[in-house]
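The next block is data-v1.csv, given as CSV, C-alpha atoms.
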```
chain,number,residue,atom,x,y,z
A,1,MET,CA,0.0,0.0,0.0
A,2,ALA,CA,1.2,3.5,-0.8
A,3,THR,CA,3.1,5.5,1.9
A,4,LYS,CA,3.9,8.7,-0.1
A,5,GLU,CA,1.0,11.2,-0.7
A,6,HIS,CA,0.7,13.2,-3.9
A,7,SER,CA,0.1,16.9,-3.6
A,8,VAL,CA,-3.1,16.8,-5.7
A,9,TYR,CA,-4.6,13.4,-5.0
A,10,LYS,CA,-5.3,12.8,-1.3
A,11,LEU,CA,-4.3,9.4,0.0
A,12,VAL,CA,-7.3,8.0,1.9
A,13,PRO,CA,-8.5,4.8,3.5
A,14,LYS,CA,-9.7,2.4,0.8
A,15,GLU,CA,-13.3,2.6,1.9
A,16,GLU,CA,-13.3,6.4,1.3
A,17,ALA,CA,-11.6,6.2,-2.1
A,18,GLU,CA,-13.0,7.6,-5.3
A,19,GLY,CA,-10.4,5.7,-7.2
A,20,PHE,CA,-7.5,3.3,-6.9
A,21,ALA,CA,-4.2,3.9,-8.7
A,22,TRP,CA,-0.9,1.9,-9.1
A,23,SER,CA,1.7,4.3,-7.9
A,24,PHE,CA,5.5,4.4,-8.0
A,25,GLU,CA,7.3,6.0,-5.1
A,26,GLY,CA,10.7,6.1,-6.8
A,27,PRO,CA,12.7,4.9,-9.8
A,28,ASN,CA,13.1,1.1,-10.2
A,29,THR,CA,10.6,0.4,-7.5
A,30,GLU,CA,7.5,-1.8,-7.4
A,31,ALA,CA,4.1,-0.4,-7.9
A,32,VAL,CA,1.9,0.1,-4.8
A,33,LEU,CA,-1.8,0.5,-4.5
A,34,TYR,CA,-2.9,4.1,-3.9
A,35,PRO,CA,-6.5,4.7,-2.8
A,36,PHE,CA,-7.3,8.4,-3.5
A,37,LYS,CA,-9.8,11.2,-3.8
A,38,PHE,CA,-9.8,13.6,-6.7
A,39,PRO,CA,-9.6,17.3,-6.5
A,40,ALA,CA,-12.9,19.0,-7.3
A,41,ILE,CA,-13.8,18.5,-11.0
A,42,GLN,CA,-13.3,21.6,-13.1
A,43,ALA,CA,-15.8,23.1,-15.5
A,44,HIS,CA,-14.1,21.6,-18.6
A,45,GLU,CA,-13.1,18.3,-17.2
A,46,VAL,CA,-14.5,14.7,-17.3
A,47,ARG,CA,-14.1,11.9,-14.9
A,48,ILE,CA,-13.8,8.4,-16.4
A,49,GLN,CA,-14.3,5.1,-14.8
A,50,GLN,CA,-12.0,2.9,-16.8
A,51,THR,CA,-12.9,-0.4,-18.4
A,52,TYR,CA,-9.4,-1.1,-19.8
A,53,PHE,CA,-6.1,0.7,-19.9
A,54,GLY,CA,-2.9,0.0,-21.7
A,55,LEU,CA,0.8,0.0,-20.8
A,56,CYS,CA,3.5,1.6,-22.9
A,57,TYR,CA,7.2,1.5,-22.5
A,58,THR,CA,7.2,5.2,-22.3
A,59,ASP,CA,5.7,4.7,-18.8
A,60,CYS,CA,8.8,2.7,-17.9
A,61,HIS,CA,11.1,5.4,-19.2
A,62,LEU,CA,9.2,8.0,-17.2
A,63,VAL,CA,9.0,6.0,-13.9
A,64,ASN,CA,12.7,5.2,-14.1
A,65,GLN,CA,13.8,8.8,-15.1
A,66,ASP,CA,15.4,7.5,-18.3
A,67,TRP,CA,14.7,10.9,-20.0
A,68,PHE,CA,14.5,13.5,-17.2
A,69,PRO,CA,13.8,13.7,-13.4
A,70,ILE,CA,10.2,13.4,-12.2
A,71,ASN,CA,8.5,13.9,-8.8
A,72,TYR,CA,7.1,10.9,-6.8
A,73,PRO,CA,4.7,9.4,-6.1
A,74,SER,CA,4.0,9.0,-9.8
A,75,VAL,CA,1.1,7.3,-11.6
A,76,PRO,CA,1.9,7.1,-15.3
A,77,GLY,CA,-0.3,5.6,-18.0
A,78,HIS,CA,-1.7,7.2,-21.1
A,79,GLU,CA,-3.8,4.6,-22.9
A,80,ILE,CA,-7.2,5.3,-21.3
A,81,LEU,CA,-10.6,3.9,-22.0
A,82,GLY,CA,-13.8,4.1,-20.0
A,83,HIS,CA,-17.2,5.6,-19.4
A,84,ILE,CA,-17.8,9.2,-18.2
A,85,VAL,CA,-19.2,9.2,-14.7
A,86,MET,CA,-18.9,12.9,-14.0
A,87,LYS,CA,-18.4,16.0,-16.0
A,88,GLY,CA,-17.9,19.7,-15.5
A,89,ASP,CA,-20.8,22.1,-16.2
A,90,LYS,CA,-19.2,23.4,-19.4
A,91,VAL,CA,-18.7,20.0,-21.0
A,92,THR,CA,-21.4,19.8,-23.6
A,93,GLN,CA,-19.9,17.4,-26.2
A,94,PHE,CA,-20.4,14.3,-23.9
A,95,GLN,CA,-23.0,12.8,-21.7
A,96,ILE,CA,-22.7,10.6,-18.6
A,97,GLY,CA,-22.1,7.1,-19.7
A,98,ASP,CA,-20.4,7.9,-23.0
A,99,LEU,CA,-17.5,5.6,-23.8
A,100,VAL,CA,-14.3,7.7,-24.5
A,101,GLY,CA,-10.6,7.2,-24.8
A,102,ALA,CA,-7.6,9.4,-24.3
A,103,GLY,CA,-3.8,9.3,-25.0
A,104,PHE,CA,-0.6,11.1,-24.1
A,105,ILE,CA,-1.9,14.7,-24.3
A,106,ARG,CA,-3.8,16.1,-21.4
A,107,ASP,CA,-4.6,19.6,-22.6
A,108,SER,CA,-3.8,22.4,-25.1
A,109,CYS,CA,-4.4,26.1,-25.0
A,110,GLY,CA,-6.2,26.5,-28.4
A,111,LYS,CA,-4.7,29.9,-28.9
A,112,CYS,CA,-1.0,29.5,-29.7
A,113,LYS,CA,0.3,29.2,-33.3
A,114,TYR,CA,0.7,25.4,-33.0
A,115,CYS,CA,-2.9,25.0,-31.9
A,116,ILE,CA,-4.2,27.4,-34.6
A,117,GLN,CA,-2.2,25.4,-37.2
A,118,GLY,CA,-3.8,22.2,-36.1
A,119,ASN,CA,-0.7,20.9,-34.3
A,120,ASP,CA,-2.2,21.1,-30.9
A,121,GLN,CA,-0.2,18.1,-29.7
A,122,LEU,CA,2.8,20.5,-29.9
A,123,CYS,CA,1.2,23.3,-27.7
A,124,GLY,CA,3.8,24.8,-25.6
A,125,GLN,CA,1.6,27.0,-23.4
A,126,MET,CA,0.3,24.4,-20.9
A,127,GLY,CA,3.4,23.6,-18.9
A,128,ASP,CA,2.8,20.7,-16.6
A,129,GLU,CA,-0.8,20.4,-17.8
A,130,HIS,CA,0.2,19.3,-21.4
A,131,PHE,CA,0.8,15.6,-20.8
A,132,ILE,CA,-1.6,13.2,-19.2
A,133,PRO,CA,0.9,11.3,-16.9
A,134,LEU,CA,3.0,14.2,-15.5
A,135,PRO,CA,2.8,15.5,-12.9
A,136,LYS,CA,-0.8,14.5,-12.3
A,137,PHE,CA,-2.2,11.0,-12.2
A,138,GLY,CA,-2.3,9.1,-15.4
A,139,GLY,CA,-4.1,6.0,-16.6
A,140,PHE,CA,-2.8,3.3,-14.2
A,141,ALA,CA,-6.0,3.7,-12.2
A,142,THR,CA,-9.6,2.7,-12.0
A,143,HIS,CA,-10.7,6.4,-12.6
A,144,VAL,CA,-9.1,9.3,-14.4
A,145,GLN,CA,-10.0,13.0,-14.6
A,146,PHE,CA,-8.8,15.4,-17.2
A,147,PRO,CA,-10.0,18.1,-19.7
A,148,ALA,CA,-12.7,16.9,-22.0
A,149,LYS,CA,-11.0,18.5,-25.0
A,150,TRP,CA,-8.6,15.5,-25.3
A,151,ALA,CA,-11.2,12.8,-24.7
A,152,PHE,CA,-12.3,11.0,-27.9
A,153,PRO,CA,-15.6,9.2,-28.4
A,154,ILE,CA,-15.1,5.5,-29.1
A,155,PRO,CA,-17.5,3.6,-31.4
A,156,ASN,CA,-19.0,0.5,-29.8
A,157,THR,CA,-17.7,-1.5,-32.8
A,158,LEU,CA,-14.1,-1.3,-31.6
A,159,PRO,CA,-13.3,-4.1,-29.1
A,160,GLN,CA,-12.7,-2.4,-25.8
A,161,ASN,CA,-9.9,-4.8,-24.8
A,162,LEU,CA,-7.9,-3.9,-27.9
A,163,THR,CA,-8.7,-0.1,-28.0
A,164,PRO,CA,-6.3,1.5,-25.4
A,165,PRO,CA,-3.1,0.9,-27.4
A,166,LEU,CA,-4.6,2.6,-30.4
A,167,LEU,CA,-4.7,5.8,-28.4
A,168,CYS,CA,-0.9,5.8,-28.0
A,169,ALA,CA,0.8,3.3,-30.4
A,170,GLY,CA,-1.9,3.6,-33.0
A,171,ILE,CA,-1.9,7.4,-33.3
A,172,THR,CA,1.9,7.5,-33.0
A,173,VAL,CA,2.3,5.6,-36.2
A,174,PHE,CA,-0.9,6.6,-38.0
A,175,ALA,CA,-0.2,10.4,-37.8
A,176,PRO,CA,3.1,10.5,-39.6
A,177,LEU,CA,2.0,7.9,-42.2
A,178,LYS,CA,-1.0,10.0,-43.0
A,179,ARG,CA,0.9,13.3,-43.1
A,180,TYR,CA,3.4,11.9,-45.6
A,181,PHE,CA,0.9,9.7,-47.4
A,182,ASN,CA,1.2,9.2,-51.1
A,183,PRO,CA,-0.1,6.0,-52.9
A,184,LYS,CA,2.9,6.0,-55.1
A,185,LYS,CA,5.4,5.9,-52.2
A,186,GLU,CA,7.1,2.9,-50.9
A,187,VAL,CA,7.4,2.6,-47.1
A,188,ALA,CA,9.6,0.6,-44.8
A,189,ILE,CA,8.7,-0.1,-41.2
A,190,ILE,CA,11.7,-0.8,-38.9
A,191,GLY,CA,10.8,-2.9,-35.9
A,192,ILE,CA,7.9,-5.3,-35.6
A,193,GLY,CA,6.9,-4.8,-32.0
A,194,GLY,CA,4.4,-2.7,-30.1
A,195,LEU,CA,4.6,0.2,-32.6
A,196,GLY,CA,5.7,-1.6,-35.7
A,197,HIS,CA,3.0,-4.2,-36.0
A,198,LEU,CA,0.4,-1.5,-36.0
A,199,ALA,CA,2.4,0.7,-38.4
A,200,ILE,CA,2.5,-2.1,-41.0
A,201,LYS,CA,-1.3,-2.5,-40.7
A,202,PHE,CA,-2.0,1.2,-41.0
A,203,SER,CA,0.5,1.8,-43.9
A,204,ALA,CA,-0.9,-1.1,-45.9
A,205,ALA,CA,-4.5,-0.1,-45.3
A,206,LEU,CA,-3.7,3.5,-46.4
A,207,GLY,CA,-2.6,1.9,-49.8
A,208,MET,CA,1.2,2.3,-49.7
A,209,LYS,CA,3.6,-0.4,-50.7
A,210,THR,CA,4.8,-1.5,-47.3
A,211,SER,CA,7.9,-3.6,-46.3
A,212,ALA,CA,8.9,-4.7,-42.9
A,213,ILE,CA,12.5,-4.6,-41.5
A,214,SER,CA,13.5,-6.7,-38.5
A,215,THR,CA,16.4,-8.3,-36.8
A,216,SER,CA,14.3,-11.4,-36.4
A,217,ALA,CA,14.0,-13.6,-39.5
A,218,ASP,CA,11.2,-15.6,-37.9
A,219,LYS,CA,8.8,-12.7,-38.1
A,220,GLU,CA,8.5,-12.7,-41.9
A,221,GLN,CA,5.2,-14.5,-42.2
A,222,GLU,CA,3.7,-12.5,-39.3
A,223,ALA,CA,4.7,-9.2,-40.9
A,224,LYS,CA,3.2,-10.3,-44.3
A,225,SER,CA,0.0,-11.2,-42.5
A,226,TYR,CA,-0.2,-7.6,-41.3
A,227,GLY,CA,0.1,-6.4,-44.9
A,228,ALA,CA,3.8,-6.2,-45.7
A,229,ILE,CA,4.7,-7.1,-49.3
A,230,ASP,CA,8.3,-7.7,-48.5
A,231,PHE,CA,10.5,-8.5,-45.5
A,232,ILE,CA,14.1,-7.6,-44.9
A,233,VAL,CA,16.4,-9.0,-42.2
A,234,SER,CA,18.5,-6.1,-41.1
A,235,LYS,CA,21.3,-8.4,-39.9
A,236,ASP,CA,21.7,-9.8,-43.4
A,237,PRO,CA,24.1,-7.6,-45.4
A,238,GLN,CA,23.0,-9.1,-48.7
A,239,GLN,CA,19.3,-8.3,-48.1
A,240,MET,CA,20.2,-4.7,-46.9
A,241,ALA,CA,22.4,-4.1,-50.0
A,242,LYS,CA,19.7,-5.3,-52.3
A,243,ALA,CA,17.2,-2.9,-50.8
A,244,SER,CA,19.6,0.1,-51.0
A,245,GLY,CA,17.9,3.3,-52.3
A,246,ARG,CA,14.5,1.6,-52.5
A,247,PHE,CA,12.2,3.5,-50.1
A,248,ASP,CA,10.6,6.9,-50.1
A,249,ILE,CA,9.8,6.7,-46.4
A,250,ILE,CA,11.3,4.8,-43.4
A,251,LEU,CA,9.2,4.8,-40.3
A,252,ASN,CA,11.6,3.8,-37.5
A,253,CYS,CA,9.6,2.1,-34.7
A,254,ALA,CA,12.8,0.9,-32.9
A,255,HIS,CA,16.0,2.9,-32.8
A,256,ALA,CA,19.6,2.6,-34.0
A,257,SER,CA,22.3,2.0,-31.4
A,258,THR,CA,25.3,3.1,-33.5
A,259,VAL,CA,26.1,5.5,-36.2
A,260,ASP,CA,27.0,2.6,-38.6
A,261,GLU,CA,23.6,1.0,-37.9
A,262,PHE,CA,21.8,4.3,-38.6
A,263,ILE,CA,23.8,4.8,-41.9
A,264,ALA,CA,22.8,1.3,-42.9
A,265,GLN,CA,19.2,2.2,-42.4
A,266,THR,CA,19.4,5.5,-44.3
A,267,ASN,CA,21.1,3.7,-47.2
A,268,LEU,CA,17.7,2.1,-47.8
A,269,LEU,CA,16.1,5.5,-48.6
A,270,LYS,CA,16.0,7.1,-52.0
A,271,ASN,CA,17.8,10.4,-52.3
A,272,GLY,CA,15.4,13.0,-50.9
A,273,GLY,CA,13.7,10.4,-48.7
A,274,ASP,CA,12.1,10.9,-45.3
A,275,PHE,CA,13.4,9.1,-42.2
A,276,ILE,CA,10.7,9.4,-39.5
A,277,MET,CA,11.6,8.6,-35.9
A,278,VAL,CA,8.9,7.7,-33.4
A,279,GLY,CA,10.8,5.5,-30.9
A,280,ILE,CA,12.8,7.2,-28.2
A,281,PRO,CA,15.5,5.3,-26.4
A,282,ALA,CA,16.7,5.9,-22.8
A,283,VAL,CA,19.2,8.8,-23.1
A,284,ASN,CA,21.7,7.1,-20.8
A,285,LYS,CA,21.8,3.9,-23.0
A,286,VAL,CA,22.2,5.2,-26.5
A,287,GLU,CA,24.5,7.9,-27.7
A,288,LEU,CA,23.9,8.5,-31.4
A,289,GLN,CA,25.4,11.1,-33.6
A,290,LEU,CA,23.6,12.0,-36.8
A,291,PRO,CA,25.5,11.1,-40.0
A,292,PHE,CA,25.4,14.6,-41.4
A,293,PHE,CA,27.2,13.8,-44.6
A,294,GLN,CA,24.6,11.3,-45.5
A,295,LEU,CA,21.7,13.6,-44.5
A,296,VAL,CA,23.0,16.6,-46.4
A,297,CYS,CA,24.5,15.1,-49.6
A,298,ARG,CA,21.5,12.8,-50.2
A,299,GLN,CA,18.9,15.4,-49.0
A,300,ILE,CA,17.5,13.0,-46.5
A,301,SER,CA,15.0,14.5,-44.0
A,302,PHE,CA,15.3,13.3,-40.5
A,303,ILE,CA,11.9,13.8,-38.9
A,304,GLY,CA,10.5,13.4,-35.4
A,305,SER,CA,6.8,12.8,-34.7
A,306,LEU,CA,4.9,13.2,-31.4
A,307,VAL,CA,1.7,11.2,-31.2
A,308,GLY,CA,-0.9,13.3,-33.2
A,309,SER,CA,-3.3,16.2,-33.1
A,310,ARG,CA,-6.9,16.0,-31.9
A,311,GLN,CA,-8.0,15.9,-35.6
A,312,GLU,CA,-5.5,13.1,-36.3
A,313,ASN,CA,-6.9,11.2,-33.3
A,314,TYR,CA,-10.4,11.4,-34.6
A,315,GLU,CA,-9.2,10.2,-38.1
A,316,MET,CA,-7.2,7.4,-36.6
A,317,ILE,CA,-10.1,6.0,-34.5
A,318,ALA,CA,-12.4,6.2,-37.5
A,319,PHE,CA,-9.8,4.6,-39.8
A,320,ALA,CA,-9.0,1.8,-37.4
A,321,ASN,CA,-12.7,1.1,-36.9
A,322,LYS,CA,-13.4,1.0,-40.6
A,323,HIS,CA,-10.5,-1.2,-41.5
A,324,LYS,CA,-10.6,-3.3,-38.3
A,325,ILE,CA,-7.1,-2.5,-37.3
A,326,TYR,CA,-6.4,-3.8,-33.8
A,327,PRO,CA,-3.2,-4.4,-31.8
A,328,THR,CA,-2.1,-7.8,-30.6
A,329,CYS,CA,-2.3,-7.7,-26.8
A,330,GLU,CA,-1.7,-9.7,-23.6
A,331,GLU,CA,-4.5,-9.1,-21.1
A,332,PHE,CA,-4.1,-8.8,-17.3
A,333,GLN,CA,-6.5,-8.2,-14.4
A,334,PHE,CA,-6.3,-4.9,-12.4
A,335,GLU,CA,-5.1,-6.8,-9.3
A,336,ASN,CA,-2.3,-8.3,-11.4
A,337,PHE,CA,-1.0,-5.0,-12.6
A,338,LYS,CA,2.5,-5.7,-11.3
A,339,ASN,CA,2.7,-8.8,-13.6
A,340,ALA,CA,1.7,-6.6,-16.6
A,341,TYR,CA,4.3,-4.0,-15.7
A,342,ASP,CA,7.0,-6.6,-15.2
A,343,THR,CA,6.1,-8.2,-18.5
A,344,LEU,CA,6.5,-4.9,-20.3
A,345,LEU,CA,9.7,-3.8,-18.4
A,346,ASN,CA,11.6,-7.1,-18.3
A,347,GLY,CA,9.9,-9.4,-20.8
A,348,ARG,CA,8.8,-9.3,-24.4
A,349,PRO,CA,5.1,-8.9,-24.6
A,350,LYS,CA,3.3,-9.6,-27.8
A,351,TYR,CA,2.9,-6.8,-28.4
A,352,ARG,CA,1.0,-4.6,-26.0
A,353,CYS,CA,-0.1,-5.1,-22.4
A,354,VAL,CA,-3.7,-4.3,-21.5
A,355,VAL,CA,-5.3,-4.3,-18.1
A,356,LYS,CA,-9.0,-5.1,-17.5
A,357,VAL,CA,-10.3,-2.9,-14.7
A,358,GLY,CA,-13.7,-4.4,-14.4
A,359,ASN,CA,-15.3,-3.8,-10.9
A,360,ALA,CA,-11.9,-3.4,-9.2
A,361,SER,CA,-12.9,-0.2,-7.5
A,362,GLU,CA,-15.8,-1.8,-5.7
A,363,THR,CA,-13.9,-5.0,-4.9
A,364,LEU,CA,-10.9,-3.1,-3.4
A,365,LYS,CA,-13.2,-1.2,-1.0
A,366,GLN,CA,-14.3,-4.4,0.7
```
Represent the supplied structure as structure tokens.
Amino acid sequence: MATKEHSVYKLVPKEEAEGFAWSFEGPNTEAVLYPFKFPAIQAHEVRIQQTYFGLCYTDCHLVNQDWFPINYPSVPGHEILGHIVMKGDKVTQFQIGDLVGAGFIRDSCGKCKYCIQGNDQLCGQMGDEHFIPLPKFGGFATHVQFPAKWAFPIPNTLPQNLTPPLLCAGITVFAPLKRYFNPKKEVAIIGIGGLGHLAIKFSAALGMKTSAISTSADKEQEAKSYGAIDFIVSKDPQQMAKASGRFDIILNCAHASTVDEFIAQTNLLKNGGDFIMVGIPAVNKVELQLPFFQLVCRQISFIGSLVGSRQENYEMIAFANKHKIYPTCEEFQFENFKNAYDTLLNGRPKYRCVVKVGNASETLKQ
């Protein structure tokens, strides 16, 4: 049970709790159960009773301070799905009982140049309020409360147990593929894991010629079942040489560990091609210098992409629903959250971990 109290979410006896969260009280520690009360709901907020939530390796990076220091206790999680049980008096787009989902972005100002341009995921005016899991409680909980602006209606034709990862992994790969979409372009997806298996599905469904690149030769048939027309083993020099200069776009869902590995990946691009990066390694584990000669002399664009805008989220949800694009998931019960987190942190889940909340809130009060 939790011993450290958050400055916003009051730690209370379980019988008084409005929600239960899995909290981390330091880096590289085990999650502890945190019964809590919410602050008063604000006019533009919704409170969600979750049915399922997902785990992402970003949560592990955040908890263990792989990117930057954070404050504890911390409740990460940004793959949220559930029904609205309370809403502020200025929330008009939703009704009590509506099924909604949310991802990594908590709020945006709606007034800055990024918001006006439709890139509200890049809003720089919200400070600590911009991201769901920091510093407030994120999705590793029975209930979540946040601004309604970044909640998205979920059609009842999407399987609830497979929907949470779409709100992170799904939008992370869909958004850049849609931005750079061209039916004449040939795309390579590097990494067939939590991001990559969805990227293959979205790219193929968009109508682009899609190939998969992996270190694991045994994933070929699986990648082709997702829609890949070709498969390249990155550890095979002959296969890599044969594919040199072939692709218009590379979507890197893993990351290179050395400059030589990165050059080998960029060699697969046509001159003037786009190398899009969506996976972020721990900064203390990978030191990578960009091969500037390659980038400049071949006019290769090195592009980062952060999840997606609100509009791109709406489009992704509709597209996934229409084309029945779902992630491959391992499912855990709320009380077995520690097993889910350990599987993600130390194992190799196939390919996302999803937690079923069910009636955990009522059960834990007993």
Problem - Nearby residues (all atoms listed in the file) at most 8 Å from Met126 of chain A, same-chain spacing under 6 positions excluded, as a list in words - result: Asp107, Ser108 and Cys109 of chain A
Practice task
Would you please work out which residue, of A:Pro135, A:Gly110, A:Val100, A:Arg246, is nearest to Pro69 of chain A when using all atoms listed in the file?
Solution key: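 Checking each of A:Pro135, A:Gly110, A:Val100, A:Arg246 against Pro69 of chain A, counting all atoms listed in the file, the winner is A:Pro135.
The neighbours of Lys324 of chain A here are the residues that come within 12 Å of it, using only C-alpha atoms and leaving out any residue fewer than 2 positions away in the same chain; they are Pro155, Thr157, Leu158, Pro159, Leu162, Thr163, Leu166, Leu198, Lys201, Phe202, Ala205, Tyr226, Met316, Ile317, Ala318, Phe319, Ala320, Asn321, Lys322, Tyr326 and Pro327 of chain A.
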Fill in the blank from the handout: Using only C-alpha atoms, the shortest atom-to-atom distance to Leu167 of chain A among A:Ile96, A:Ala17, A:Ala151, A:Cys112 belongs to A:Ala151
Exercise for the section: Calculate how many Å separate atom CA of Thr29 of chain A from atom CA of Leu11 of chain A, rounding to one decimal. Expected result: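 Separating atom CA of Thr29 of chain A from atom CA of Leu11 of chain A is a distance of 19.0 Å.
Here atom CA of Cys123 of chain A is placed at a distance of 16.4 Å from atom CA of Ala175 of chain A.
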Practice task
Find, counting only C-alpha atoms, the residue in A:Leu306, A:Ile190, A:Ile325, A:Ile200 that gets nearest to Phe275 of chain A.
Solution key: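 Ranked by minimum distance to Phe275 of chain A, first place goes to A:Ile190.
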Practice task
May I ask which of the residues A:Cys115, A:Leu345, A:Val357, A:Ala228 is the closest one to Phe332 of chain A, counting only C-alpha atoms?
Solution key: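 Of A:Cys115, A:Leu345, A:Val357, A:Ala228, the one nearest Phe332 of chain A is A:Val357, counting only C-alpha atoms.
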Practice task
Calculate how many Å separate atom CA of Gly97 of chain A from atom CA of Glu362 of chain A, rounding to one decimal.
Solution key: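 Taking atom CA of Gly97 of chain A as the start and atom CA of Glu362 of chain A as the end point, the length is 17.7 Å.
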Restrict the output to segment 102-123 of chain A and N, CA and C atoms, then write it as a compact mmCIF listing (two decimals), in the first residue's frame.
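So decode32.txt came out as:
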```
# COMPACT_ATOMS: atom_id res chain seq x y z
N ALA A 102 -8.52 8.28 -24.30
CA ALA A 102 -7.56 9.38 -24.26
C ALA A 102 -6.15 8.81 -24.36
N GLY A 103 -5.23 9.66 -24.81
CA GLY A 103 -3.85 9.26 -24.98
C GLY A 103 -2.89 10.11 -24.19
N PHE A 104 -1.76 10.46 -24.81
CA PHE A 104 -0.64 11.07 -24.10
C PHE A 104 -0.86 12.55 -23.76
N ILE A 105 -1.68 13.23 -24.54
CA ILE A 105 -1.86 14.67 -24.34
C ILE A 105 -3.02 14.92 -23.40
N ARG A 106 -2.78 15.77 -22.41
CA ARG A 106 -3.81 16.11 -21.42
C ARG A 106 -4.60 17.34 -21.81
N ASP A 107 -3.90 18.39 -22.31
CA ASP A 107 -4.59 19.64 -22.59
C ASP A 107 -3.77 20.47 -23.56
N SER A 108 -4.41 21.43 -24.20
CA SER A 108 -3.76 22.39 -25.09
C SER A 108 -4.51 23.70 -24.99
N CYS A 109 -3.81 24.79 -25.30
CA CYS A 109 -4.39 26.11 -25.03
C CYS A 109 -5.43 26.53 -26.06
N GLY A 110 -5.28 26.08 -27.31
CA GLY A 110 -6.22 26.45 -28.37
C GLY A 110 -5.96 27.82 -28.97
N LYS A 111 -4.93 28.52 -28.49
CA LYS A 111 -4.69 29.90 -28.93
C LYS A 111 -3.31 30.12 -29.54
N CYS A 112 -2.34 29.29 -29.21
CA CYS A 112 -0.98 29.51 -29.72
C CYS A 112 -0.91 29.14 -31.21
N LYS A 113 0.22 29.43 -31.83
CA LYS A 113 0.33 29.20 -33.28
C LYS A 113 0.23 27.72 -33.62
N TYR A 114 0.72 26.86 -32.73
CA TYR A 114 0.65 25.43 -33.01
C TYR A 114 -0.79 24.93 -32.98
N CYS A 115 -1.54 25.38 -31.98
CA CYS A 115 -2.95 24.99 -31.90
C CYS A 115 -3.74 25.52 -33.09
N ILE A 116 -3.48 26.75 -33.47
CA ILE A 116 -4.20 27.36 -34.59
C ILE A 116 -3.87 26.63 -35.89
N GLN A 117 -2.63 26.16 -36.03
CA GLN A 117 -2.21 25.44 -37.23
C GLN A 117 -2.72 24.00 -37.26
N GLY A 118 -3.33 23.55 -36.17
CA GLY A 118 -3.80 22.18 -36.12
C GLY A 118 -2.80 21.20 -35.56
N ASN A 119 -1.72 21.72 -34.99
CA ASN A 119 -0.71 20.88 -34.34
C ASN A 119 -0.80 21.04 -32.82
N ASP A 120 -2.02 20.85 -32.29
CA ASP A 120 -2.23 21.12 -30.87
C ASP A 120 -1.50 20.15 -29.96
N GLN A 121 -1.01 19.03 -30.50
CA GLN A 121 -0.18 18.14 -29.69
C GLN A 121 1.18 18.77 -29.37
N LEU A 122 1.53 19.85 -30.08
CA LEU A 122 2.80 20.54 -29.86
C LEU A 122 2.64 21.80 -29.04
N CYS A 123 1.45 22.05 -28.52
CA CYS A 123 1.19 23.26 -27.73
C CYS A 123 2.22 23.40 -26.63
```
